[in-house]
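Structure data follow from final.txt (compact mmCIF, C-alpha atoms):
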```txt
# COMPACT_ATOMS: atom_id res chain seq x y z
CA MET A 1 0.00 0.00 0.00
CA SER A 2 2.60 2.52 1.06
CA GLY A 3 4.72 1.78 -2.01
CA ASP A 4 1.77 2.47 -4.22
CA ASP A 5 1.01 5.72 -2.41
CA ALA A 6 4.58 6.88 -2.86
CA ASP A 7 4.31 6.12 -6.54
CA PHE A 8 1.05 8.06 -6.72
CA ASP A 9 2.62 11.10 -5.05
CA ALA A 10 5.77 11.10 -7.15
CA ASP A 11 3.75 10.80 -10.31
CA ALA A 12 1.52 13.63 -9.23
CA LEU A 13 4.40 15.92 -8.37
CA ASP A 14 5.96 15.21 -11.71
CA SER A 15 2.93 16.17 -13.67
CA VAL A 16 2.13 19.24 -11.59
CA ALA A 17 5.42 20.67 -12.75
CA ALA A 18 4.54 19.97 -16.37
CA ASP A 19 0.99 21.28 -16.18
CA ASP A 20 1.44 24.34 -18.37
CA GLU A 21 -0.63 23.38 -21.31
CA PRO A 22 -2.49 25.99 -23.33
CA GLY A 23 -6.02 26.60 -22.14
CA ALA A 24 -5.17 25.61 -18.63
CA GLN A 25 -5.13 28.11 -15.83
CA PRO A 26 -1.92 30.10 -15.45
CA ALA A 27 0.45 28.08 -13.34
CA GLN A 28 0.30 28.97 -9.70
CA PRO A 29 3.36 28.62 -7.52
CA HIS A 30 1.26 27.25 -4.67
CA ARG A 31 -1.98 25.55 -5.42
CA SER A 32 -4.46 26.18 -2.72
CA PRO A 33 -5.97 22.94 -1.49
CA TRP A 34 -9.33 24.44 -2.34
CA SER A 35 -8.48 25.39 -5.90
CA VAL A 36 -10.60 22.51 -7.10
CA PHE A 37 -13.61 24.42 -5.84
CA HIS A 38 -13.26 26.97 -8.63
CA ILE A 39 -14.98 25.77 -11.78
CA ARG A 40 -12.50 25.53 -14.61
CA ALA A 41 -13.70 24.30 -17.91
CA THR A 42 -10.66 22.43 -19.04
CA GLY A 43 -10.77 19.08 -20.73
CA ARG A 44 -9.35 17.21 -17.76
CA GLN A 45 -11.77 18.81 -15.37
CA ALA A 46 -14.56 17.72 -17.66
CA ILE A 47 -13.22 14.17 -17.58
CA VAL A 48 -12.98 14.30 -13.79
CA GLY A 49 -16.54 15.54 -13.68
CA LEU A 50 -17.66 12.77 -16.00
CA LEU A 51 -15.95 10.18 -13.82
CA PHE A 52 -17.83 11.47 -10.81
CA VAL A 53 -21.08 11.42 -12.78
CA ALA A 54 -20.33 7.78 -13.58
CA LEU A 55 -19.50 7.08 -9.93
CA GLY A 56 -22.72 8.60 -8.62
CA PHE A 57 -24.79 6.94 -11.32
CA GLY A 58 -23.16 3.57 -10.74
CA ALA A 59 -23.52 3.84 -6.98
CA VAL A 60 -27.24 4.56 -7.25
CA ALA A 61 -27.70 1.77 -9.80
CA ALA A 62 -25.86 -0.72 -7.61
CA THR A 63 -27.78 0.32 -4.50
CA ARG A 64 -31.07 -0.12 -6.35
CA SER A 65 -30.26 -3.49 -7.82
CA PHE A 66 -29.25 -4.87 -4.45
CA GLY A 67 -32.01 -3.21 -2.48
CA GLY A 68 -34.87 -4.89 -4.33
CA PRO A 69 -35.31 -8.67 -4.41
CA GLY A 70 -32.67 -9.15 -1.77
CA LEU A 71 -34.30 -12.30 -0.46
CA LEU A 72 -33.54 -14.28 -3.57
CA VAL A 73 -30.03 -12.98 -4.19
CA ASN A 74 -28.51 -15.32 -1.64
CA ALA A 75 -30.99 -18.16 -2.06
CA ARG A 76 -29.82 -21.55 -3.21
CA ASP A 77 -30.99 -23.03 -6.48
CA ASP A 78 -33.52 -25.43 -4.99
CA GLU A 79 -35.01 -22.67 -2.86
CA VAL A 80 -35.49 -20.48 -5.90
CA VAL A 81 -37.09 -23.41 -7.74
CA ARG A 82 -39.45 -23.96 -4.82
CA VAL A 83 -40.39 -20.30 -4.67
CA LEU A 84 -41.03 -20.35 -8.39
CA ASP A 85 -43.18 -23.47 -8.10
CA ASP A 86 -45.19 -21.91 -5.30
CA LEU A 87 -45.77 -18.80 -7.34
CA ALA A 88 -46.83 -20.77 -10.41
CA GLU A 89 -49.22 -22.85 -8.35
CA ARG A 90 -50.66 -19.80 -6.68
CA GLN A 91 -51.09 -18.09 -10.00
CA ALA A 92 -52.95 -21.09 -11.39
CA ARG A 93 -55.26 -21.11 -8.36
CA LEU A 94 -55.92 -17.41 -8.63
CA GLU A 95 -56.65 -17.70 -12.33
CA VAL A 96 -59.24 -20.38 -11.65
CA GLU A 97 -60.78 -18.20 -8.96
CA GLN A 98 -60.74 -15.23 -11.29
CA ARG A 99 -62.57 -17.19 -13.98
CA THR A 100 -65.18 -18.36 -11.50
CA LEU A 101 -65.77 -14.89 -10.18
CA THR A 102 -65.89 -13.34 -13.64
CA ALA A 103 -68.45 -15.92 -14.72
CA GLU A 104 -70.47 -15.23 -11.58
CA ARG A 105 -70.34 -11.50 -12.18
CA ASP A 106 -71.39 -11.88 -15.82
CA ARG A 107 -74.24 -14.12 -14.79
CA LEU A 108 -75.41 -11.63 -12.19
CA LEU A 109 -75.13 -8.71 -14.56
CA SER A 110 -77.12 -10.43 -17.28
CA GLY A 111 -79.38 -12.54 -15.06
CA SER A 112 -83.04 -11.99 -14.40
CA ALA A 113 -84.42 -10.68 -11.15
CA GLU A 114 -85.14 -14.20 -9.86
CA GLN A 115 -81.65 -15.34 -10.64
CA ARG A 116 -80.23 -12.35 -8.85
CA LEU A 117 -82.50 -13.01 -5.91
CA ALA A 118 -81.42 -16.67 -5.79
CA ALA A 119 -77.76 -15.66 -5.91
CA ALA A 120 -78.32 -13.11 -3.18
CA ARG A 121 -80.07 -15.76 -1.07
CA ASP A 122 -77.21 -18.21 -1.59
CA ARG A 123 -74.83 -15.53 -0.56
CA ALA A 124 -76.89 -14.57 2.45
CA SER A 125 -77.07 -18.15 3.70
CA ALA A 126 -73.32 -18.63 3.16
CA LEU A 127 -72.71 -15.46 5.15
CA ALA A 128 -75.19 -16.54 7.84
CA ILE A 129 -73.25 -19.78 8.36
CA LEU A 130 -70.03 -17.79 8.48
CA ALA A 131 -71.52 -15.37 10.99
CA GLY A 132 -73.05 -18.20 13.02
CA THR A 133 -76.59 -16.79 12.95
CA VAL A 134 -78.22 -19.97 11.59
CA PRO A 135 -77.84 -23.63 12.60
CA ALA A 136 -75.59 -25.66 10.34
CA ILE A 137 -75.57 -29.30 9.32
CA GLY A 138 -73.10 -31.38 7.37
CA PRO A 139 -70.34 -33.95 7.60
CA GLY A 140 -67.67 -33.29 10.17
CA VAL A 141 -66.09 -34.39 13.42
CA ARG A 142 -67.20 -34.56 17.01
CA ILE A 143 -64.35 -33.98 19.44
CA THR A 144 -64.72 -34.63 23.13
CA ILE A 145 -62.06 -33.38 25.51
CA THR A 146 -62.28 -34.75 29.03
CA ASP A 147 -60.17 -32.73 31.42
CA PRO A 148 -60.77 -33.56 35.09
CA GLY A 149 -57.44 -32.05 36.16
CA GLY A 150 -58.03 -28.64 34.59
CA VAL A 151 -54.90 -28.79 32.45
CA VAL A 152 -56.55 -27.73 29.19
CA ASP A 153 -56.23 -23.97 28.95
CA SER A 154 -57.42 -21.44 26.41
CA THR A 155 -54.18 -21.68 24.40
CA LEU A 156 -54.66 -25.40 23.77
CA VAL A 157 -58.30 -24.97 22.78
CA LEU A 158 -57.51 -22.00 20.56
CA GLY A 159 -54.79 -24.12 18.92
CA ALA A 160 -57.37 -26.81 18.19
CA ILE A 161 -59.77 -24.24 16.73
CA GLN A 162 -57.04 -22.77 14.52
CA GLU A 163 -56.05 -26.25 13.34
CA LEU A 164 -59.67 -26.97 12.39
CA ARG A 165 -59.97 -23.62 10.62
CA ASP A 166 -56.79 -24.33 8.66
CA ALA A 167 -58.23 -27.71 7.72
CA GLY A 168 -61.25 -25.98 6.23
CA ALA A 169 -63.86 -26.24 8.98
CA GLU A 170 -66.85 -24.18 7.86
CA ALA A 171 -68.83 -24.09 11.09
CA MET A 172 -67.79 -24.89 14.66
CA SER A 173 -69.22 -24.85 18.11
CA LEU A 174 -67.71 -25.47 21.52
CA GLY A 175 -70.39 -26.61 23.92
CA PRO A 176 -73.21 -24.09 23.69
CA VAL A 177 -71.05 -21.43 22.02
CA ARG A 178 -70.86 -20.99 18.26
CA ILE A 179 -67.28 -20.27 17.14
CA VAL A 180 -67.15 -17.23 14.86
CA GLY A 181 -64.50 -14.68 13.93
CA SER A 182 -64.97 -12.67 17.10
CA THR A 183 -65.06 -15.60 19.55
CA TRP A 184 -62.55 -15.25 22.37
CA PHE A 185 -61.06 -17.68 24.86
CA ASP A 186 -59.81 -17.11 28.37
CA ASN A 187 -58.91 -19.02 31.51
CA PRO A 188 -61.22 -18.52 34.51
CA PRO A 189 -59.59 -17.25 37.72
CA THR A 190 -60.26 -20.60 39.43
CA GLY A 191 -58.15 -22.42 36.85
CA LEU A 192 -60.82 -25.04 36.26
CA GLY A 193 -62.84 -24.81 33.08
CA LEU A 194 -62.71 -22.39 30.21
CA VAL A 195 -64.26 -19.03 29.36
CA VAL A 196 -65.48 -18.78 25.76
CA SER A 197 -66.88 -15.40 24.75
CA GLY A 198 -68.03 -14.79 28.30
CA THR A 199 -69.60 -18.23 28.88
CA THR A 200 -67.84 -20.42 31.44
CA LEU A 201 -67.64 -24.03 30.31
CA SER A 202 -66.47 -27.04 32.27
CA SER A 203 -65.10 -30.43 31.27
CA PRO A 204 -65.96 -32.42 29.22
CA TYR A 205 -65.86 -30.04 26.31
CA GLN A 206 -67.64 -30.98 23.14
CA LEU A 207 -66.22 -29.42 19.98
CA LEU A 208 -68.22 -29.83 16.78
CA ALA A 209 -66.81 -28.95 13.39
CA ILE A 210 -68.36 -29.21 9.92
CA GLY A 211 -65.98 -29.73 7.03
CA ASP A 212 -64.17 -32.45 5.13
CA THR A 213 -64.16 -35.32 7.63
CA ASP A 214 -60.84 -36.82 6.55
CA THR A 215 -59.03 -33.51 6.41
CA LEU A 216 -60.29 -32.44 9.82
CA THR A 217 -59.38 -35.77 11.42
CA THR A 218 -55.93 -35.78 9.85
CA ALA A 219 -55.30 -32.21 10.91
CA LEU A 220 -56.07 -33.01 14.54
CA LYS A 221 -53.96 -36.17 14.55
CA ILE A 222 -50.76 -34.64 13.15
CA PRO A 223 -47.84 -35.94 15.28
CA GLY A 224 -47.04 -33.26 17.82
CA GLY A 225 -50.27 -31.49 16.89
CA VAL A 226 -53.48 -30.78 18.76
CA SER A 227 -54.40 -34.23 20.05
CA ASP A 228 -50.80 -35.05 20.98
CA SER A 229 -50.39 -31.85 22.97
CA ILE A 230 -53.73 -32.27 24.72
CA ARG A 231 -52.79 -35.84 25.68
CA ALA A 232 -49.33 -34.71 26.73
CA ALA A 233 -50.92 -32.11 29.01
CA GLY A 234 -52.78 -34.92 30.76
CA ALA A 235 -56.30 -34.66 29.33
CA HIS A 236 -58.26 -37.13 27.26
CA ILE A 237 -59.43 -36.46 23.71
CA THR A 238 -61.63 -38.52 21.41
CA ILE A 239 -62.13 -37.63 17.78
CA SER A 240 -65.08 -39.27 16.04
CA PRO A 241 -65.76 -38.56 12.36
CA GLU A 242 -69.49 -38.35 11.68
CA ARG A 243 -71.49 -38.26 8.52
CA THR A 244 -73.92 -35.72 9.96
CA VAL A 245 -72.99 -33.12 12.50
CA LEU A 246 -75.67 -30.70 13.59
CA ILE A 247 -74.53 -27.41 15.05
CA THR A 248 -77.38 -25.66 16.78
CA ALA A 249 -75.44 -23.16 18.83
CA LEU A 250 -75.98 -19.65 17.49
CA HIS A 251 -74.05 -16.45 17.64
CA PRO A 252 -76.33 -13.44 18.17
CA ALA A 253 -76.10 -11.03 15.25
CA THR A 254 -75.22 -7.58 16.48
CA PRO A 255 -75.28 -4.68 14.04
CA PRO A 256 -71.81 -3.22 13.69
CA GLN A 257 -71.32 -0.05 15.67
CA TYR A 258 -68.54 1.53 13.60
CA ALA A 259 -68.19 -0.31 10.31
CA SER A 260 -70.58 0.08 7.42
CA PRO A 261 -70.33 -1.37 3.93
CA ALA A 262 -68.15 0.73 1.66
CA PRO A 263 -69.61 1.50 -1.78
CA GLN A 264 -68.20 -0.87 -4.40
CA SER A 265 -66.87 0.56 -7.60
CA MET B 266 -16.40 21.67 -6.93
CA ILE B 267 -16.67 20.02 -10.31
CA ALA B 268 -16.37 16.71 -8.52
CA ALA B 269 -19.28 17.49 -6.20
CA ILE B 270 -21.36 18.75 -9.12
CA GLY B 271 -20.56 15.63 -11.10
CA LEU B 272 -21.46 13.40 -8.18
CA VAL B 273 -24.78 15.18 -7.65
CA ILE B 274 -25.59 15.00 -11.38
CA GLY B 275 -24.76 11.29 -11.37
CA ILE B 276 -26.93 10.57 -8.33
CA VAL B 277 -29.80 12.61 -9.74
CA LEU B 278 -29.48 10.81 -13.08
CA GLY B 279 -29.46 7.47 -11.28
CA VAL B 280 -32.55 8.32 -9.24
CA VAL B 281 -34.43 9.78 -12.20
CA LEU B 282 -33.54 7.13 -14.79
CA GLN B 283 -33.70 4.21 -12.34
CA PRO B 284 -31.26 2.15 -14.36
CA ALA B 285 -31.54 -1.63 -14.36
CA VAL B 286 -28.09 -3.13 -13.94
CA PRO B 287 -27.51 -5.82 -16.58
CA ILE B 288 -26.96 -9.27 -15.11
CA TRP B 289 -23.41 -9.63 -16.45
CA LEU B 290 -22.41 -6.37 -14.79
CA GLN B 291 -23.90 -7.11 -11.39
CA PRO B 292 -20.84 -8.83 -9.83
CA TYR B 293 -18.51 -6.08 -11.05
CA LEU B 294 -20.42 -2.90 -10.30
CA PRO B 295 -20.00 -2.91 -6.50
CA ILE B 296 -16.30 -3.72 -6.84
CA ALA B 297 -15.88 -1.00 -9.43
CA ILE B 298 -17.56 1.49 -7.12
CA VAL B 299 -15.33 0.58 -4.18
CA ALA B 300 -12.29 0.88 -6.47
CA ALA B 301 -13.48 4.27 -7.67
CA MET B 302 -14.00 5.40 -4.08
CA ASP B 303 -10.44 4.36 -3.35
CA ALA B 304 -9.28 6.61 -6.19
CA VAL B 305 -11.47 9.45 -4.90
CA PHE B 306 -10.05 9.18 -1.38
CA GLY B 307 -6.52 9.00 -2.78
CA ALA B 308 -7.21 12.11 -4.81
CA THR B 309 -8.62 13.96 -1.81
CA ARG B 310 -5.50 13.11 0.14
CA ALA B 311 -3.30 14.25 -2.74
CA LEU B 312 -5.30 17.46 -2.93
CA LEU B 313 -4.64 18.18 0.74
CA ASP B 314 -0.98 17.30 0.24
CA ASP B 315 -0.87 19.86 -2.62
CA VAL B 316 0.11 17.20 -5.11
CA PHE B 317 -3.22 16.66 -6.79
CA ASP B 318 -3.21 16.28 -10.52
CA ASP B 319 -6.16 15.67 -12.82
CA ARG B 320 -4.25 13.31 -15.07
CA VAL B 321 -3.09 11.10 -12.22
CA PHE B 322 -6.60 11.03 -10.82
CA VAL B 323 -8.20 10.08 -14.11
CA VAL B 324 -5.62 7.38 -14.76
CA SER B 325 -5.78 5.97 -11.22
CA PHE B 326 -9.58 6.04 -11.25
CA LEU B 327 -9.84 4.18 -14.54
CA SER B 328 -7.03 1.71 -13.81
CA ASN B 329 -8.42 0.97 -10.33
CA VAL B 330 -11.84 0.19 -11.75
CA LEU B 331 -10.40 -1.80 -14.62
CA ILE B 332 -7.99 -3.87 -12.52
CA ALA B 333 -10.59 -4.58 -9.85
CA GLY B 334 -13.05 -5.65 -12.55
CA LEU B 335 -10.43 -7.83 -14.26
CA LEU B 336 -9.50 -9.51 -10.97
CA VAL B 337 -13.09 -10.39 -10.23
CA PHE B 338 -13.62 -11.52 -13.82
CA LEU B 339 -10.58 -13.77 -13.58
CA GLY B 340 -11.70 -15.07 -10.20
CA ASP B 341 -15.17 -15.83 -11.57
CA HIS B 342 -13.64 -17.93 -14.32
CA LEU B 343 -11.30 -19.71 -11.92
CA GLY B 344 -14.21 -20.51 -9.63
CA VAL B 345 -13.06 -18.27 -6.78
CA GLY B 346 -15.06 -15.17 -7.72
CA ALA B 347 -16.60 -14.66 -4.29
CA GLN B 348 -13.24 -14.98 -2.51
CA ILE B 349 -11.48 -12.61 -4.89
CA SER B 350 -14.34 -10.12 -4.57
CA THR B 351 -13.97 -10.24 -0.81
CA GLY B 352 -10.22 -9.86 -1.06
CA VAL B 353 -10.47 -6.89 -3.39
CA VAL B 354 -13.04 -5.20 -1.19
CA VAL B 355 -10.92 -5.80 1.93
CA VAL B 356 -7.75 -4.39 0.36
CA LEU B 357 -9.53 -1.39 -1.12
CA SER B 358 -11.31 -0.72 2.16
CA MET B 359 -7.98 -0.76 3.99
CA ARG B 360 -6.61 1.77 1.52
CA ILE B 361 -9.70 3.90 1.90
CA PHE B 362 -9.29 3.88 5.68
CA ALA B 363 -5.58 4.73 5.40
CA ASN B 364 -6.36 7.63 3.10
CA ALA B 365 -9.25 8.73 5.29
CA ALA B 366 -6.88 8.77 8.26
CA ALA B 367 -4.42 10.95 6.35
CA ILE B 368 -7.24 13.28 5.31
CA ARG B 369 -8.48 13.48 8.86
CA ARG B 370 -5.01 14.36 10.10
CA HIS B 371 -4.83 17.12 7.53
CA LEU B 372 -8.21 18.59 8.24
CA PHE B 373 -8.40 18.26 12.01
CA LYS B 374 -4.70 17.92 12.86
CA ALA B 375 -5.66 14.86 14.86
```
Could I get this file's structure written as structure tokens?
Amino acid sequence: MSGDDADFDADALDSVAADDEPGAQPAQPHRSPWSVFHIRATGRQAIVGLLFVALGFGAVAATRSFGGPGLLVNARDDEVVRVLDDLAERQARLEVEQRTLTAERDRLLSGSAEQRLAAARDRASALAILAGTVPAIGPGVRITITDPGGVVDSTLVLGAIQELRDAGAEAMSLGPVRIVGSTWFDNPPTGLGLVVSGTTLSSPYQLLAIGDTDTLTTALKIPGGVSDSIRAAGAHITISPERTVLITALHPATPPQYASPAPQS
Amino acid sequence: MIAAIGLVIGIVLGVVLQPAVPIWLQPYLPIAIVAAMDAVFGATRALLDDVFDDRVFVVSFLSNVLIAGLLVFLGDHLGVGAQISTGVVVVLSMRIFANAAAIRRHLFKA
């Protein structure tokens, strides 16, 4: 390094002495360190300026190209392939959904009043099941959790609910409480039992879920999953697939206080 | 002054045009920029030492960028591109720090 610097300095000194070309500034005996701050339109200054333009431009370009898809820059080949596969699959799914929805929209736009009414009714009943305001019937699973020791807490039950939701459960109830989006779980101060949306339940808990029977059962029986953790905690769980599960628990419909439907474009 | 103006113009151009770096240039651009910064720091030091010269700066700037690029290119083809890139960046960074120390001593006498 130091050798190179010495070379740099010697070279520079040499050419300062020979810097009397026409068009250049009159030679000064002592260059002020700040002389570069006066704009001089010589060819070399222009080149220096151009180099700095290139430096700034390049720096910005490099910063941009590395700031963007940074996740994939360091990814291994198989990871990138997996990401690509996921994206392709997702795109295919979304395209199917788009086609379905477009067809539905076209049908509604061109349909007669009865057709529109039927579609609206279908939609209303689908939403009613989602909101838990009507009883629901269909294939599903009946899960009974017996917990005499009070070891099943709200976290475990919430985990079971989430697992069922992930597995595509369309309607659920826990004891007399219909499980909807706003249902909440808590542990009572005594430690025994479970508080679900303000209702205190006690063992045994009966959890009903309507959905694809096989998927729901498999989801609960994943090794290390819901049923394993409930058993590990010291409670007893039975999962019985049933062809017909009737969910009669209802969630009272309360008109929203703050939200109202936004106009659709 | 012309350097600062050039730098600002370059940055503004980069932000406005939003250039996409071609794939073949992507391994070399960061190295080239570090090499160019080394030249800039060397030039600043020379300026404070009263030995600055445009010609030397232009030549050192271009040769720095070129040599750094060639090294990485060679390393890529020998299969040690990442290691050579690291090595080049380390050496250039050390030079930049040495020059920055000299500049600091000049400016702040410390």
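Closest to Gly334 in chain B among B:Gly275, B:Gly346, B:Pro287, B:Gly307 is B:Gly346, based on all atoms listed in the file.
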Expected answer as JSON, numbers by chain: all residues with atoms within 8 Å of (-21.2, 11.5, -11.3), only C-alpha atoms: {"A": [49, 50, 51, 52, 53, 54, 55, 56, 57], "B": [268, 270, 271, 272, 273, 274, 275, 276]}
Any idea what's packed within 10 Å of Ser154 in chain A, counting only C-alpha atoms, ignoring anything in its chain fewer than 3 positions away? Could you give it as number ranges by chain? A: 151, 157-160, 184-188, 193-196
Dump as JSON lines the rows for residues of chain B within 10 Å of chain A: closest atom pair and distance in Å with one decimal, only C-alpha atoms counted, ordered by chain and rising residue number.
```
{"residue": "B:Met266", "atom": "CA", "partner": "A:Phe37", "partner_atom": "CA", "distance": 4.1}
{"residue": "B:Ile267", "atom": "CA", "partner": "A:Gly49", "partner_atom": "CA", "distance": 5.6}
{"residue": "B:Ala268", "atom": "CA", "partner": "A:Gly49", "partner_atom": "CA", "distance": 5.3}
{"residue": "B:Ala269", "atom": "CA", "partner": "A:Phe52", "partner_atom": "CA", "distance": 7.7}
{"residue": "B:Ile270", "atom": "CA", "partner": "A:Gly49", "partner_atom": "CA", "distance": 7.4}
{"residue": "B:Gly271", "atom": "CA", "partner": "A:Val53", "partner_atom": "CA", "distance": 4.6}
{"residue": "B:Leu272", "atom": "CA", "partner": "A:Phe52", "partner_atom": "CA", "distance": 4.9}
{"residue": "B:Val273", "atom": "CA", "partner": "A:Gly56", "partner_atom": "CA", "distance": 7.0}
{"residue": "B:Ile274", "atom": "CA", "partner": "A:Val53", "partner_atom": "CA", "distance": 5.9}
{"residue": "B:Gly275", "atom": "CA", "partner": "A:Val53", "partner_atom": "CA", "distance": 3.9}
{"residue": "B:Ile276", "atom": "CA", "partner": "A:Gly56", "partner_atom": "CA", "distance": 4.7}
{"residue": "B:Val277", "atom": "CA", "partner": "A:Phe57", "partner_atom": "CA", "distance": 7.7}
{"residue": "B:Leu278", "atom": "CA", "partner": "A:Phe57", "partner_atom": "CA", "distance": 6.3}
{"residue": "B:Gly279", "atom": "CA", "partner": "A:Phe57", "partner_atom": "CA", "distance": 4.7}
{"residue": "B:Val280", "atom": "CA", "partner": "A:Val60", "partner_atom": "CA", "distance": 6.8}
{"residue": "B:Leu282", "atom": "CA", "partner": "A:Ala61", "partner_atom": "CA", "distance": 9.4}
{"residue": "B:Gln283", "atom": "CA", "partner": "A:Ala61", "partner_atom": "CA", "distance": 7.0}
{"residue": "B:Pro284", "atom": "CA", "partner": "A:Ala61", "partner_atom": "CA", "distance": 5.8}
{"residue": "B:Ala285", "atom": "CA", "partner": "A:Ala61", "partner_atom": "CA", "distance": 6.9}
{"residue": "B:Val286", "atom": "CA", "partner": "A:Ala61", "partner_atom": "CA", "distance": 6.4}
{"residue": "B:Pro287", "atom": "CA", "partner": "A:Ser65", "partner_atom": "CA", "distance": 9.5}
{"residue": "B:Ile288", "atom": "CA", "partner": "A:Ser65", "partner_atom": "CA", "distance": 9.9}
{"residue": "B:Leu290", "atom": "CA", "partner": "A:Ala62", "partner_atom": "CA", "distance": 9.8}
{"residue": "B:Gln291", "atom": "CA", "partner": "A:Ala62", "partner_atom": "CA", "distance": 7.7}
{"residue": "B:Pro292", "atom": "CA", "partner": "A:Ala62", "partner_atom": "CA", "distance": 9.8}
{"residue": "B:Tyr293", "atom": "CA", "partner": "A:Ala62", "partner_atom": "CA", "distance": 9.7}
{"residue": "B:Leu294", "atom": "CA", "partner": "A:Ala62", "partner_atom": "CA", "distance": 6.4}
{"residue": "B:Pro295", "atom": "CA", "partner": "A:Ala62", "partner_atom": "CA", "distance": 6.4}
{"residue": "B:Ala297", "atom": "CA", "partner": "A:Gly58", "partner_atom": "CA", "distance": 8.7}
{"residue": "B:Ile298", "atom": "CA", "partner": "A:Ala59", "partner_atom": "CA", "distance": 6.4}
{"residue": "B:Val299", "atom": "CA", "partner": "A:Ala59", "partner_atom": "CA", "distance": 9.2}
{"residue": "B:Ala301", "atom": "CA", "partner": "A:Leu55", "partner_atom": "CA", "distance": 7.0}
{"residue": "B:Met302", "atom": "CA", "partner": "A:Leu55", "partner_atom": "CA", "distance": 8.2}
{"residue": "B:Val305", "atom": "CA", "partner": "A:Phe52", "partner_atom": "CA", "distance": 8.9}
{"residue": "B:Gly307", "atom": "CA", "partner": "A:Asp5", "partner_atom": "CA", "distance": 8.2}
{"residue": "B:Ala308", "atom": "CA", "partner": "A:Phe8", "partner_atom": "CA", "distance": 9.4}
{"residue": "B:Thr309", "atom": "CA", "partner": "A:Pro33", "partner_atom": "CA", "distance": 9.4}
{"residue": "B:Arg310", "atom": "CA", "partner": "A:Asp9", "partner_atom": "CA", "distance": 9.8}
{"residue": "B:Ala311", "atom": "CA", "partner": "A:Asp9", "partner_atom": "CA", "distance": 7.1}
{"residue": "B:Leu312", "atom": "CA", "partner": "A:Pro33", "partner_atom": "CA", "distance": 5.7}
{"residue": "B:Leu313", "atom": "CA", "partner": "A:Pro33", "partner_atom": "CA", "distance": 5.4}
{"residue": "B:Asp314", "atom": "CA", "partner": "A:Pro33", "partner_atom": "CA", "distance": 7.7}
{"residue": "B:Asp315", "atom": "CA", "partner": "A:Pro33", "partner_atom": "CA", "distance": 6.1}
{"residue": "B:Val316", "atom": "CA", "partner": "A:Leu13", "partner_atom": "CA", "distance": 5.5}
{"residue": "B:Phe317", "atom": "CA", "partner": "A:Ala12", "partner_atom": "CA", "distance": 6.1}
{"residue": "B:Asp318", "atom": "CA", "partner": "A:Ala12", "partner_atom": "CA", "distance": 5.6}
{"residue": "B:Asp319", "atom": "CA", "partner": "A:Arg44", "partner_atom": "CA", "distance": 6.1}
{"residue": "B:Arg320", "atom": "CA", "partner": "A:Arg44", "partner_atom": "CA", "distance": 7.0}
{"residue": "B:Val321", "atom": "CA", "partner": "A:Ala12", "partner_atom": "CA", "distance": 6.0}
{"residue": "B:Phe322", "atom": "CA", "partner": "A:Val48", "partner_atom": "CA", "distance": 7.8}
{"residue": "B:Val323", "atom": "CA", "partner": "A:Val48", "partner_atom": "CA", "distance": 6.4}
{"residue": "B:Ser325", "atom": "CA", "partner": "A:Phe8", "partner_atom": "CA", "distance": 8.4}
{"residue": "B:Phe326", "atom": "CA", "partner": "A:Leu51", "partner_atom": "CA", "distance": 8.0}
{"residue": "B:Leu327", "atom": "CA", "partner": "A:Leu51", "partner_atom": "CA", "distance": 8.6}
{"residue": "B:Val356", "atom": "CA", "partner": "A:Met1", "partner_atom": "CA", "distance": 8.9}
{"residue": "B:Leu357", "atom": "CA", "partner": "A:Met1", "partner_atom": "CA", "distance": 9.7}
{"residue": "B:Met359", "atom": "CA", "partner": "A:Met1", "partner_atom": "CA", "distance": 9.0}
{"residue": "B:Arg360", "atom": "CA", "partner": "A:Met1", "partner_atom": "CA", "distance": 7.0}
{"residue": "B:Ala363", "atom": "CA", "partner": "A:Met1", "partner_atom": "CA", "distance": 9.1}
{"residue": "B:Asn364", "atom": "CA", "partner": "A:Asp5", "partner_atom": "CA", "distance": 9.4}
```
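Considering only C-alpha atoms, the residue among A:Gln162, A:Thr217, A:Ser112, A:Ser202 positioned nearest to Thr190 in chain A is A:Ser202.
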Figure out the distance between CA of Gly181 in chain A and CA of Ile137 in chain A, please, to one decimal in Å. 18.9 Å
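Here the question is which of A:Leu94, A:Leu109, A:Val81, A:Ala219 gets nearest to Asp166 in chain A using all atoms listed in the file, and that residue is A:Ala219.
Of the listed residues B:Ile361, B:Leu335, B:Ala367, B:Leu372, the one whose atoms come nearest to Ile349 in chain B is B:Leu335, with distances taken using only C-alpha atoms.
Residues near the point (-62.3, -36.3, 24.1), at a distance of 10 Å or less over all atoms listed in the file, make up Arg142, Ile143, Thr144, Ile145, Thr146, Asp147, Ser203, Pro204, Tyr205, Gln206, Leu207, Ser227, Ile230, Arg231, Ala235, His236, Ile237, Thr238, Ile239 and Ser240 of chain A.
Taking CA of His342 in chain B and CA of Ile296 in chain B as the two end points, the separation is 16.3 Å.
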Which residues are close to Ala169 in chain A, i.e. within 7 Å by all atoms listed in the file, leaving aside same-chain residues fewer than 4 positions away? Reply as a list in words. Leu164, Arg165, Ala209, Ile210 and Gly211 of chain A
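For the atom pair formed by CA of Thr254 in chain A and CA of Asp122 in chain A, the distance is 21.1 Å, given to one decimal.
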Calculate, to one decimal in Å, the centre and edge lengths of the box along x, y and z of the file that holds all listed atoms of range 126-143 of chain A with 6 Å of margin on each side, and present them as AutoDock Vina command-line options.
```
--center_x -71.3 --center_y -25.0 --center_z 11.3 --size_x 25.9 --size_y 31.2 --size_z 28.3
```
